[in-house]
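Participant: Have a peek at run.txt (compact mmCIF, C-alpha atoms and all ligand atoms).
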```txt
# COMPACT_ATOMS: atom_id res chain seq x y z
CA MET E 1 1.32 14.29 -9.13
CA ILE E 2 3.93 11.64 -9.84
CA ALA E 3 3.84 8.66 -7.41
CA GLY E 4 5.73 9.22 -4.14
CA MET E 5 6.94 12.71 -5.11
CA ASN E 6 6.92 13.76 -1.47
CA GLU E 7 8.41 10.58 -0.06
CA GLY E 8 12.05 9.51 0.00
CA PRO E 9 13.20 7.52 -3.03
CA GLY E 10 12.60 4.26 -1.14
CA PHE E 11 14.19 0.84 -0.78
CA GLY E 12 13.66 -1.80 -3.48
CA VAL E 13 14.43 -5.49 -3.82
CA TYR E 14 15.36 -6.74 -7.31
CA VAL E 15 15.45 -10.49 -8.02
CA HIS E 16 16.89 -11.64 -11.35
CA TRP E 17 15.54 -14.78 -13.03
CA PRO E 18 18.18 -15.48 -15.69
CA PHE E 19 16.47 -17.96 -18.01
CA CYS E 20 14.54 -17.56 -21.27
CA ALA E 21 12.89 -20.03 -23.64
CA ALA E 22 14.93 -18.56 -26.52
CA LYS E 23 17.40 -15.74 -26.89
CA CYS E 24 16.08 -12.73 -28.82
CA PRO E 25 18.59 -11.46 -31.41
CA TYR E 26 18.64 -7.88 -30.04
CA CYS E 27 18.94 -8.70 -26.35
CA ASP E 28 22.04 -8.34 -24.21
CA PHE E 29 20.37 -8.86 -20.86
CA ASN E 30 21.75 -11.63 -18.66
CA SER E 31 19.53 -14.38 -20.02
CA HIS E 32 20.37 -17.99 -20.75
CA VAL E 33 18.59 -20.82 -22.54
CA ARG E 34 18.68 -24.30 -20.98
CA HIS E 35 17.55 -27.47 -22.69
CA GLN E 36 16.95 -29.31 -19.42
CA PRO E 37 14.33 -28.29 -16.87
CA ILE E 38 15.65 -25.73 -14.37
CA ASP E 39 15.98 -26.89 -10.78
CA GLN E 40 13.74 -24.13 -9.43
CA LYS E 41 14.04 -25.37 -5.81
CA ARG E 42 17.80 -24.95 -5.98
CA PHE E 43 17.41 -21.39 -7.23
CA VAL E 44 14.79 -20.55 -4.58
CA ALA E 45 17.18 -21.75 -1.86
CA ALA E 46 19.99 -19.69 -3.38
CA PHE E 47 17.83 -16.54 -3.67
CA ALA E 48 16.74 -16.99 -0.04
CA ARG E 49 20.34 -17.32 1.11
CA GLU E 50 21.58 -14.34 -0.85
CA LEU E 51 18.65 -12.24 0.42
CA ALA E 52 19.60 -13.14 4.02
CA THR E 53 23.21 -12.14 3.34
CA MET E 54 22.03 -8.81 1.91
CA ARG E 55 19.84 -8.28 4.99
CA GLU E 56 22.96 -8.55 7.16
CA ARG E 57 24.45 -5.71 5.14
CA THR E 58 21.44 -3.37 4.92
CA GLY E 59 20.02 -3.90 8.41
CA PRO E 60 16.26 -3.66 8.95
CA ARG E 61 14.38 -1.72 6.27
CA ASP E 62 10.88 -1.13 5.00
CA VAL E 63 10.59 -2.40 1.45
CA SER E 64 8.89 -0.03 -0.99
CA SER E 65 8.88 -2.35 -3.97
CA ILE E 66 9.90 -5.78 -5.19
CA PHE E 67 10.72 -6.49 -8.84
CA LEU E 68 11.13 -9.95 -10.34
CA GLY E 69 12.98 -9.25 -13.58
CA GLY E 70 14.84 -11.20 -16.18
CA GLY E 71 15.35 -13.07 -18.31
CA THR E 72 11.81 -14.38 -18.26
CA PRO E 73 10.44 -14.58 -14.71
CA SER E 74 7.15 -15.91 -16.07
CA LEU E 75 8.97 -19.21 -16.66
CA MET E 76 8.95 -19.60 -12.86
CA GLU E 77 6.30 -21.74 -11.24
CA PRO E 78 3.94 -19.69 -9.04
CA GLU E 79 5.27 -21.65 -6.01
CA THR E 80 8.77 -20.44 -6.86
CA VAL E 81 7.54 -16.84 -6.93
CA GLY E 82 5.67 -17.36 -3.63
CA ALA E 83 8.77 -18.81 -1.99
CA ILE E 84 10.94 -15.90 -3.16
CA LEU E 85 8.43 -13.35 -1.84
CA ASP E 86 8.30 -15.22 1.50
CA ALA E 87 12.09 -15.04 1.65
CA VAL E 88 12.01 -11.27 1.08
CA ALA E 89 9.43 -10.96 3.89
CA ARG E 90 11.64 -12.93 6.31
CA ASN E 91 14.35 -10.31 5.92
CA TRP E 92 12.71 -6.89 5.71
CA ARG E 93 9.37 -5.40 6.65
CA ILE E 94 6.89 -5.36 3.79
CA PRO E 95 4.24 -2.73 4.48
CA SER E 96 0.83 -3.35 2.93
CA GLY E 97 0.39 -1.84 -0.51
CA VAL E 98 3.95 -2.57 -1.64
CA GLU E 99 4.35 -2.78 -5.43
CA ILE E 100 5.32 -6.32 -6.49
CA THR E 101 6.08 -6.54 -10.21
CA LEU E 102 6.84 -9.59 -12.34
CA GLU E 103 8.12 -9.40 -15.92
CA ALA E 104 6.27 -11.80 -18.17
CA ASN E 105 6.47 -12.95 -21.77
CA PRO E 106 3.06 -13.08 -23.42
CA SER E 107 2.89 -16.71 -24.53
CA SER E 108 -0.23 -18.62 -23.63
CA VAL E 109 1.70 -21.09 -21.47
CA GLU E 110 2.90 -18.24 -19.31
CA ALA E 111 -0.49 -16.54 -19.19
CA ASP E 112 -1.85 -19.76 -17.66
CA ARG E 113 0.29 -19.06 -14.60
CA PHE E 114 -0.99 -15.50 -14.05
CA ARG E 115 -3.61 -16.46 -11.42
CA GLY E 116 -0.97 -18.35 -9.48
CA TYR E 117 1.32 -15.30 -9.48
CA ARG E 118 -1.53 -13.12 -8.25
CA SER E 119 -2.24 -15.54 -5.38
CA ALA E 120 1.47 -15.51 -4.53
CA GLY E 121 1.27 -11.73 -4.04
CA VAL E 122 2.28 -10.23 -7.40
CA ASN E 123 0.18 -7.08 -7.99
CA ARG E 124 1.74 -5.71 -11.18
CA VAL E 125 2.95 -7.36 -14.39
CA SER E 126 5.07 -5.98 -17.15
CA LEU E 127 4.52 -7.84 -20.41
CA GLY E 128 7.09 -7.97 -23.21
CA VAL E 129 4.75 -7.49 -26.17
CA GLN E 130 7.37 -5.67 -28.36
CA ALA E 131 5.29 -5.26 -31.56
CA LEU E 132 1.69 -5.47 -32.71
CA ASN E 133 2.25 -7.18 -36.04
CA ASP E 134 3.40 -10.74 -36.66
CA LYS E 135 6.01 -9.82 -39.24
CA ASP E 136 7.91 -7.60 -36.81
CA LEU E 137 7.49 -10.10 -33.99
CA ARG E 138 9.20 -12.68 -36.20
CA PHE E 139 11.92 -10.18 -37.11
CA LEU E 140 12.49 -9.60 -33.38
CA GLY E 141 12.80 -13.35 -32.89
CA ARG E 142 9.82 -13.53 -30.56
CA LEU E 143 8.08 -16.79 -29.78
CA HIS E 144 4.60 -15.24 -29.50
CA ASN E 145 2.25 -13.79 -32.11
CA VAL E 146 -0.10 -10.80 -31.86
CA GLU E 147 -3.09 -12.95 -30.96
CA GLU E 148 -1.26 -14.43 -27.98
CA ALA E 149 -0.02 -11.01 -26.93
CA LEU E 150 -3.53 -9.58 -26.96
CA GLY E 151 -4.82 -12.58 -25.02
CA ALA E 152 -2.10 -12.10 -22.39
CA ILE E 153 -2.85 -8.36 -22.12
CA ARG E 154 -6.55 -9.07 -21.62
CA LEU E 155 -5.89 -11.69 -18.97
CA ALA E 156 -3.30 -9.56 -17.18
CA ARG E 157 -5.73 -6.64 -17.02
CA GLU E 158 -8.37 -8.93 -15.55
CA ILE E 159 -6.14 -10.54 -12.94
CA PHE E 160 -3.66 -7.88 -11.77
CA PRO E 161 -4.53 -4.51 -10.25
CA ARG E 162 -1.75 -2.93 -12.35
CA MET E 163 -0.13 -3.88 -15.63
CA SER E 164 2.16 -2.44 -18.24
CA PHE E 165 3.53 -3.67 -21.52
CA ASP E 166 6.68 -3.03 -23.51
CA LEU E 167 7.04 -2.19 -27.19
CA ILE E 168 10.25 -1.77 -29.17
CA TYR E 169 10.11 0.86 -31.91
CA ALA E 170 12.49 2.36 -34.46
CA ARG E 171 12.65 -1.05 -36.11
CA PRO E 172 14.42 -1.15 -39.47
CA GLY E 173 12.07 0.18 -42.15
CA GLN E 174 9.48 1.53 -39.69
CA THR E 175 7.85 4.77 -40.82
CA THR E 176 6.49 7.50 -38.56
CA ASP E 177 2.95 6.85 -39.83
CA ALA E 178 3.16 3.13 -39.20
CA TRP E 179 4.51 3.69 -35.68
CA ARG E 180 1.84 6.30 -34.92
CA ALA E 181 -0.89 3.86 -35.92
CA GLU E 182 0.66 1.01 -33.93
CA LEU E 183 1.12 3.22 -30.89
CA ARG E 184 -2.50 4.38 -31.00
CA GLU E 185 -3.61 0.79 -31.18
CA ALA E 186 -1.34 -0.08 -28.22
CA ILE E 187 -2.78 2.77 -26.15
CA GLY E 188 -6.22 1.30 -26.81
CA TYR E 189 -5.10 -1.97 -25.15
CA ALA E 190 -3.05 -0.37 -22.36
CA ALA E 191 -4.07 0.02 -18.74
CA ASP E 192 -2.23 2.95 -17.21
CA HIS E 193 1.44 2.33 -18.03
CA LEU E 194 3.50 1.66 -21.19
CA SER E 195 7.25 1.21 -21.74
CA LEU E 196 8.31 2.25 -25.25
CA TYR E 197 11.94 1.51 -26.09
CA GLN E 198 13.88 2.55 -29.17
CA LEU E 199 15.64 -0.47 -30.63
CA THR E 200 19.32 -0.37 -29.73
CA ILE E 201 21.87 -2.59 -31.42
CA GLU E 202 24.01 -4.03 -28.63
CA GLU E 203 27.49 -5.38 -29.14
CA GLY E 204 27.73 -9.15 -29.10
CA THR E 205 24.13 -9.72 -30.25
CA PRO E 206 23.10 -11.34 -33.55
CA PHE E 207 21.62 -7.99 -34.64
CA HIS E 208 25.03 -6.42 -34.17
CA ALA E 209 26.62 -9.08 -36.37
CA LEU E 210 23.92 -8.52 -39.01
CA ARG E 211 24.52 -4.79 -38.98
CA THR E 212 28.27 -5.31 -39.33
CA ALA E 213 27.58 -7.56 -42.30
CA GLY E 214 25.39 -4.85 -43.83
CA LYS E 215 22.28 -7.02 -43.54
CA LEU E 216 20.48 -4.88 -41.00
CA VAL E 217 20.11 -1.18 -41.59
CA GLU E 218 19.20 0.92 -38.59
CA LEU E 219 16.90 3.92 -38.90
CA ASP E 220 18.87 7.09 -39.46
CA LEU E 221 19.17 9.42 -36.46
CA ASP E 222 16.71 12.00 -37.81
CA LEU E 223 14.00 9.47 -38.40
CA ALA E 224 14.61 7.86 -34.99
CA ALA E 225 14.31 11.34 -33.41
CA ASP E 226 11.02 11.86 -35.32
CA LEU E 227 9.69 8.58 -33.98
CA TYR E 228 10.70 9.63 -30.46
CA GLN E 229 8.87 12.94 -30.93
CA THR E 230 5.79 11.14 -32.28
CA THR E 231 5.87 8.86 -29.24
CA GLN E 232 5.87 11.85 -26.88
CA GLU E 233 3.00 13.59 -28.71
CA VAL E 234 0.72 10.58 -29.14
CA THR E 235 1.12 9.30 -25.58
CA ALA E 236 0.62 12.77 -24.06
CA ALA E 237 -2.48 13.35 -26.19
CA HIS E 238 -3.95 10.08 -24.88
CA GLY E 239 -3.31 10.63 -21.17
CA LEU E 240 -0.12 8.53 -20.90
CA PRO E 241 2.59 11.19 -20.88
CA ALA E 242 6.26 10.30 -20.50
CA TYR E 243 7.58 10.45 -16.96
CA GLU E 244 10.95 9.03 -18.06
CA ILE E 245 12.67 8.74 -21.46
CA SER E 246 10.99 5.43 -22.30
CA ASN E 247 8.21 5.18 -19.73
CA HIS E 248 4.70 6.55 -19.89
CA ALA E 249 1.93 6.51 -17.33
CA LYS E 250 -1.23 8.11 -16.10
CA PRO E 251 -0.15 10.41 -13.27
CA GLY E 252 0.14 8.25 -10.15
CA ALA E 253 0.60 4.98 -12.08
CA GLU E 254 4.38 5.22 -12.55
CA SER E 255 6.50 2.17 -11.75
CA ARG E 256 7.56 2.80 -8.16
CA HIS E 257 10.39 0.33 -8.53
CA ASN E 258 11.97 2.05 -11.50
CA LEU E 259 11.45 5.41 -9.79
CA ILE E 260 13.73 4.12 -7.00
CA TYR E 261 16.52 3.73 -9.58
CA TRP E 262 15.93 7.04 -11.29
CA ARG E 263 15.50 8.98 -8.04
CA TYR E 264 18.70 7.40 -6.84
CA GLY E 265 17.19 5.48 -3.98
CA GLU E 266 18.49 2.24 -2.48
CA TYR E 267 17.99 -1.30 -3.68
CA VAL E 268 19.47 -4.72 -3.21
CA GLY E 269 19.90 -6.95 -6.25
CA VAL E 270 19.98 -10.73 -5.90
CA GLY E 271 20.33 -13.45 -8.48
CA PRO E 272 22.78 -13.89 -11.37
CA GLY E 273 24.11 -10.62 -12.75
CA ALA E 274 22.01 -8.41 -10.43
CA HIS E 275 23.23 -5.00 -9.28
CA GLY E 276 22.51 -3.32 -5.96
CA ARG E 277 23.12 0.15 -4.55
CA PHE E 278 22.50 0.85 -0.89
CA ILE E 279 23.88 2.69 2.10
CA GLU E 280 26.18 0.61 4.29
CA ASP E 281 28.03 2.18 7.23
CA GLY E 282 26.96 5.62 6.00
CA ARG E 283 28.37 5.19 2.47
CA ARG E 284 26.70 4.18 -0.80
CA VAL E 285 27.97 0.82 -1.99
CA VAL E 286 27.51 -0.89 -5.34
CA THR E 287 27.27 -4.68 -5.55
CA PHE E 288 27.19 -6.96 -8.55
CA THR E 289 26.95 -10.71 -8.76
CA GLU E 290 28.27 -13.55 -10.91
CA LYS E 291 26.34 -13.66 -14.20
CA HIS E 292 26.44 -17.35 -15.05
CA PRO E 293 23.38 -18.88 -13.34
CA GLU E 294 24.75 -22.19 -12.11
CA THR E 295 28.09 -20.65 -11.10
CA TRP E 296 26.17 -17.98 -9.19
CA ALA E 297 24.12 -20.68 -7.40
CA ALA E 298 27.29 -22.62 -6.52
CA LEU E 299 28.89 -19.45 -5.09
CA VAL E 300 25.83 -18.77 -2.95
CA GLU E 301 25.82 -22.36 -1.73
CA ALA E 302 29.52 -22.13 -0.85
CA ARG E 303 29.64 -18.71 0.78
CA GLY E 304 26.17 -17.22 1.19
CA SER E 305 26.29 -14.83 -1.76
CA GLY E 306 27.13 -14.65 -5.45
CA VAL E 307 28.56 -11.15 -5.13
CA THR E 308 31.77 -11.01 -7.14
CA GLY E 309 32.45 -7.32 -7.01
CA GLY E 310 31.47 -3.92 -5.79
CA GLU E 311 32.82 -0.71 -4.46
CA ILE E 312 32.18 2.18 -2.16
CA LEU E 313 31.28 5.15 -4.31
CA SER E 314 33.12 8.44 -3.87
CA ARG E 315 31.04 11.59 -3.52
CA SER E 316 31.69 12.63 -7.08
CA GLU E 317 30.78 9.18 -8.42
CA GLU E 318 27.53 9.32 -6.44
CA ALA E 319 26.78 12.78 -7.79
CA ASP E 320 27.46 11.65 -11.39
CA GLU E 321 25.18 8.64 -11.02
CA PHE E 322 22.50 10.83 -9.47
CA LEU E 323 22.64 13.11 -12.54
CA LEU E 324 22.67 10.25 -15.00
CA MET E 325 19.60 8.66 -13.46
CA GLY E 326 17.67 11.78 -12.45
CA LEU E 327 17.87 13.58 -15.78
CA ARG E 328 16.01 10.69 -17.39
CA LEU E 329 12.96 11.81 -15.44
CA VAL E 330 10.52 14.48 -16.58
CA GLU E 331 10.47 15.73 -12.95
CA GLY E 332 14.25 16.30 -13.28
CA ILE E 333 16.67 16.53 -10.38
CA ASP E 334 16.66 18.32 -7.05
CA LEU E 335 19.55 20.78 -7.15
CA ASP E 336 20.00 20.81 -3.35
CA ARG E 337 20.38 17.06 -3.31
CA TYR E 338 23.00 17.27 -6.05
CA GLU E 339 24.90 19.84 -4.01
CA LYS E 340 24.75 17.70 -0.87
CA LEU E 341 26.00 14.62 -2.75
CA ALA E 342 28.72 16.37 -4.74
CA GLY E 343 29.81 18.86 -2.10
CA HIS E 344 29.39 21.68 -4.65
CA PRO E 345 26.60 23.01 -6.89
CA LEU E 346 26.29 22.15 -10.58
CA HIS E 347 28.71 24.22 -12.64
CA PRO E 348 26.70 27.46 -13.25
CA GLU E 349 28.34 28.34 -16.57
CA ARG E 350 27.82 24.91 -18.04
CA VAL E 351 24.19 24.94 -16.93
CA ALA E 352 23.76 28.39 -18.50
CA ILE E 353 25.23 27.24 -21.84
CA LEU E 354 23.09 24.10 -21.93
CA ARG E 355 20.01 26.18 -21.12
CA GLU E 356 20.84 28.56 -23.95
CA GLU E 357 21.18 25.61 -26.28
CA GLY E 358 17.67 24.54 -25.25
CA LEU E 359 18.82 21.26 -23.69
CA LEU E 360 18.14 22.01 -20.01
CA GLU E 361 15.35 23.92 -18.27
CA PRO E 362 14.49 24.81 -14.68
CA VAL E 363 11.44 23.36 -12.94
CA GLY E 364 10.43 25.93 -10.32
CA ASN E 365 13.51 27.25 -8.58
CA SER E 366 14.81 24.06 -6.98
CA ARG E 367 14.86 21.57 -9.85
CA LEU E 368 16.42 21.17 -13.27
CA ARG E 369 15.45 18.87 -16.12
CA ALA E 370 16.37 17.93 -19.67
CA THR E 371 14.12 19.44 -22.34
CA PRO E 372 12.69 17.05 -24.98
CA ALA E 373 15.66 18.03 -27.20
CA GLY E 374 18.00 17.33 -24.28
CA MET E 375 16.46 13.88 -23.73
CA VAL E 376 17.46 12.87 -27.26
CA VAL E 377 21.14 13.57 -26.48
CA LEU E 378 21.02 12.74 -22.78
CA ASP E 379 24.29 10.83 -22.51
CA ALA E 380 26.27 13.70 -24.03
CA LEU E 381 24.37 16.18 -21.87
CA VAL E 382 25.20 14.34 -18.66
CA ALA E 383 28.83 13.92 -19.71
CA ASP E 384 29.01 17.67 -20.27
CA LEU E 385 27.44 18.50 -16.90
CA ALA E 386 29.47 15.97 -14.94
CA ARG E 387 32.84 17.03 -16.34
C1 LIG M 1 14.70 -7.51 -19.56
S1 LIG M 1 13.65 -7.44 -20.92
C2 LIG M 1 12.58 -8.59 -20.13
C3 LIG M 1 11.23 -8.79 -20.65
C4 LIG M 1 10.88 -10.13 -21.19
N1 LIG M 1 11.90 -11.10 -21.08
C5 LIG M 1 10.56 -9.98 -22.65
O1 LIG M 1 11.49 -9.88 -23.43
O2 LIG M 1 9.39 -9.97 -22.97
C6 LIG M 1 12.91 -5.85 -20.75
C7 LIG M 1 12.58 -5.11 -22.01
O3 LIG M 1 13.72 -4.51 -22.55
C8 LIG M 1 13.47 -4.20 -23.90
N2 LIG M 1 14.70 -4.45 -24.68
C9 LIG M 1 15.57 -5.45 -24.51
N3 LIG M 1 16.61 -5.32 -25.39
C10 LIG M 1 16.35 -4.21 -26.13
C11 LIG M 1 17.04 -3.54 -27.21
N4 LIG M 1 18.18 -3.99 -27.70
N5 LIG M 1 16.48 -2.41 -27.72
C12 LIG M 1 15.34 -1.93 -27.19
N6 LIG M 1 14.66 -2.52 -26.20
C13 LIG M 1 15.14 -3.65 -25.67
C14 LIG M 1 12.30 -5.07 -24.34
O4 LIG M 1 11.19 -4.25 -24.62
C15 LIG M 1 12.03 -5.92 -23.12
O5 LIG M 1 10.68 -6.18 -22.95
S1 LIG M 2 12.80 -12.94 -23.75
FE1 LIG M 2 13.38 -10.89 -22.92
S2 LIG M 2 15.17 -11.24 -21.61
FE2 LIG M 2 14.85 -13.11 -22.86
S3 LIG M 2 16.20 -12.88 -24.58
FE3 LIG M 2 14.22 -12.04 -25.21
S4 LIG M 2 14.28 -9.83 -24.66
FE4 LIG M 2 15.99 -10.83 -23.63
```
Take the structure in this file and express it as C-alpha cells.
Ligand SMILES: C[S@@+](CC[C@H](N)C(=O)[O-])C[C@H]1O[C@@H](n2cnc3c(N)ncnc32)[C@H](O)[C@@H]1O
Ligand code: SF4

Facilitator:
Amino acid sequence: MIAGMNEGPGFGVYVHWPFCAAKCPYCDFNSHVRHQPIDQKRFVAAFARELATMRERTGPRDVSSIFLGGGTPSLMEPETVGAILDAVARNWRIPSGVEITLEANPSSVEADRFRGYRSAGVNRVSLGVQALNDKDLRFLGRLHNVEEALGAIRLAREIFPRMSFDLIYARPGQTTDAWRAELREAIGYAADHLSLYQLTIEEGTPFHALRTAGKLVELDLDLAADLYQTTQEVTAAHGLPAYEISNHAKPGAESRHNLIYWRYGEYVGVGPGAHGRFIEDGRRVVTFTEKHPETWAALVEARGSGVTGGEILSRSEEADEFLLMGLRLVEGIDLDRYEKLAGHPLHPERVAILREEGLLEPVGNSRLRATPAGMVVLDALVADLAR
C-alpha cells in the first residue's frame, strides 16, 4: 500500500535554499548564483525568524515531513542544516520517524558533506543526477560527470536510510531504445525511489532562447509520449512503478513530503520564493514570499517574514487545486473529499465523457483517477473537469 494511505495528508515544512554553483540552461526554479561566499548565518537567522512567524499563523502542529529544497541545498554547511532543523523543532512537534529530505547535487565536494547532513538529522536525500552519459550532462549544463554521480549515489545509499535520484529524459535526439537502456541502468543503481522528469522548455531560460532561434529541437509529441510509456513499462517491470506522473517507488517508499502536496495537505514554505498552503482560522490560505534572496532576508529582518503575497482560497479554487494535484497520483482522488471541498459533486456528464474517451477511470467506488492516456494530457483533462 502507498505510504500513509490511511492517514490524513499531513503537515509539511518546506525550506528553500536559493543558491546554486551555476545556473542550468533548462531551469526556471528560484535559484541564484553568487560569486561571493553566502552569509549562511544570516540566512539561518532569517529562516528561524520566518519559521517562528509561520508558527504564529498555524498554531501547534505535528510535522509529518521536512523538505530542504532548492536551488542546491547541498551547498549548505551541515551546521546550517542542523540549525534550520533545530528551528523547525522549536516551533512544531516533530514526532520520531519524520521524513527529512535534502536535495543534493552529485558533485564530490557536496558528497563530502553527506555524513554531516546525516548527523544533523537528514534521513533522505534526493540527488540531481539528470543523465547517465557525459555528453548529455554537458548538454544539460551540469557541473558533474557520470563518475561523480555514481560516486554520490553509492555514498548516499551507504549513509542515508532513504535516497532517490532525478533524471531528465526526452532530451533532444534521445531515442526510445537509448532511454530504455539508460533507465534500466539507472534502476540498477537506484534504492527504492526515482524521479523521472520529461524535459520541459521554460520561458526565460537559455534553452527557450535556443529553441526560438531554431538551435534546439524538442522531441515531437508522439516520441515524447512513447518515452513516457517506456518509462512506465520499464519501471513497473522492475518493481518501481509510478505513483505520480514523474515519481516511481517501491510500494511504501513514496516521498511523504510530495504526497502532502498531491494529497492536498497543509505545508508552510519558508525562504525566498517558497509557497505555503495551510488552514488558518478555518480557511485554506496560500502564502508566497519574495524571490530575491537578499531582499527576502532583509524583509524578514525588518518585519519577521518575507511573505509578499497570498490569499484565502474560495471553495471552488480549493476544489480545483485538489483536482489538479490529486489527479497526478496513481491512487487518484477521493470523490467525497472533492464534494466536501467544492460543495457539489464532479460534473457527472463530463466524467462520463472523459471515461468514454479512456482518460479517466474509477478506482473502487469512491475514487477516480487519470488513465495512462489521461496522464499524458493531464492539464487539459483537469481544465475540462474543473470548468
Ligand atoms: C529544484 S531541482 C533541484 C535539484 C538540484 N538543484 C539539481 O538540479 O540537481 C529539482 C529537479 O527538477 C528537475 N528539473 C528542473 N528543471 C527541469 C526542466 N526544465 N525539465 C525537466 N526537469 C527539470 C531536475 O531533474 C531537478 O533535479
Ligand atoms: S542545480 Fe538544480 S536548481 Fe540549480 S540551476 Fe541547476 S537544476 Fe536549477

Participant: Nearest residue to ligand LIG 1 (chain M) out of E:Ile168, E:Leu140, E:Met76, E:Ile94, using all atoms listed in the file?

Facilitator: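 Nearest to ligand LIG 1 (chain M): E:Ile168.
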
Participant: Given only C-alpha atoms as the basis, pick out the residue of E:Met375, E:Val285, E:Met163, E:Ala46 nearest to Ile100 of chain E.

Facilitator: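 For Ile100 of chain E, the nearest of the candidates is E:Met163.
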
Participant: Which residue gives the smallest distance to Leu221 of chain E among E:Ala87, E:Thr80, E:Ala149, E:Val376, with all atoms listed in the file counted?

Facilitator: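 Of the candidates, the smallest distance to Leu221 of chain E is held by E:Val376.
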
Participant: Please identify the residues whose atoms come within 6 Å of ligand LIG 1 (chain M), using only C-alpha atoms and all ligand atoms, and report them as a PyMOL selection string.

Facilitator: chain E and resi 26-27+29+70-72+103-105+127-128+130+166-168+197-202

Participant: Any chance you could export the current selection's C-alpha atoms as a PDB file, in the coordinates of the input?

Facilitator:
```pdb
ATOM      1  CA  TYR E  26      18.640  -7.880 -30.040  1.00  0.00           C
ATOM      2  CA  CYS E  27      18.940  -8.700 -26.350  1.00  0.00           C
ATOM      3  CA  PHE E  29      20.370  -8.860 -20.860  1.00  0.00           C
ATOM      4  CA  GLY E  70      14.840 -11.200 -16.180  1.00  0.00           C
ATOM      5  CA  GLY E  71      15.350 -13.070 -18.310  1.00  0.00           C
ATOM      6  CA  THR E  72      11.810 -14.380 -18.260  1.00  0.00           C
ATOM      7  CA  GLU E 103       8.120  -9.400 -15.920  1.00  0.00           C
ATOM      8  CA  ALA E 104       6.270 -11.800 -18.170  1.00  0.00           C
ATOM      9  CA  ASN E 105       6.470 -12.950 -21.770  1.00  0.00           C
ATOM     10  CA  LEU E 127       4.520  -7.840 -20.410  1.00  0.00           C
ATOM     11  CA  GLY E 128       7.090  -7.970 -23.210  1.00  0.00           C
ATOM     12  CA  GLN E 130       7.370  -5.670 -28.360  1.00  0.00           C
ATOM     13  CA  ASP E 166       6.680  -3.030 -23.510  1.00  0.00           C
ATOM     14  CA  LEU E 167       7.040  -2.190 -27.190  1.00  0.00           C
ATOM     15  CA  ILE E 168      10.250  -1.770 -29.170  1.00  0.00           C
ATOM     16  CA  TYR E 197      11.940   1.510 -26.090  1.00  0.00           C
ATOM     17  CA  GLN E 198      13.880   2.550 -29.170  1.00  0.00           C
ATOM     18  CA  LEU E 199      15.640  -0.470 -30.630  1.00  0.00           C
ATOM     19  CA  THR E 200      19.320  -0.370 -29.730  1.00  0.00           C
ATOM     20  CA  ILE E 201      21.870  -2.590 -31.420  1.00  0.00           C
ATOM     21  CA  GLU E 202      24.010  -4.030 -28.630  1.00  0.00           C
TER      22      GLU E 202
END
```

Participant: As an exercise, work out the distance from atom CA of Leu329 of chain E to atom CA of Ala225 of chain E in Å and give it to one decimal place.

Facilitator: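 The value is 18.0 Å.
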
Participant: At most 12 Å from (19.1, 5.6, -39.3), file frame, all atoms listed in the file: which residues, as a PyMOL selection string?

Facilitator: chain E and resi 170-175+198-201+211+216-227

Participant: Listed atoms of ligand LIG 2 (chain M), axis-aligned box, 3 Å per side: centre and edge lengths to one decimal in Å, as lines of an AutoDock Vina configuration file?

Facilitator:
```
center_x = 14.5
center_y = -11.5
center_z = -23.4
size_x = 9.4
size_y = 9.3
size_z = 9.6
```

Participant: Separation of atom CA of Pro78 of chain E and atom CA of Arg61 of chain E, in Å?

Facilitator: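 Here the two named atoms are 25.8 Å from each other.
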
Participant: Report, in Å to a single decimal, how far apart atom CA of Gly309 of chain E and atom CA of Ala22 of chain E are.

Facilitator: 28.5 Å
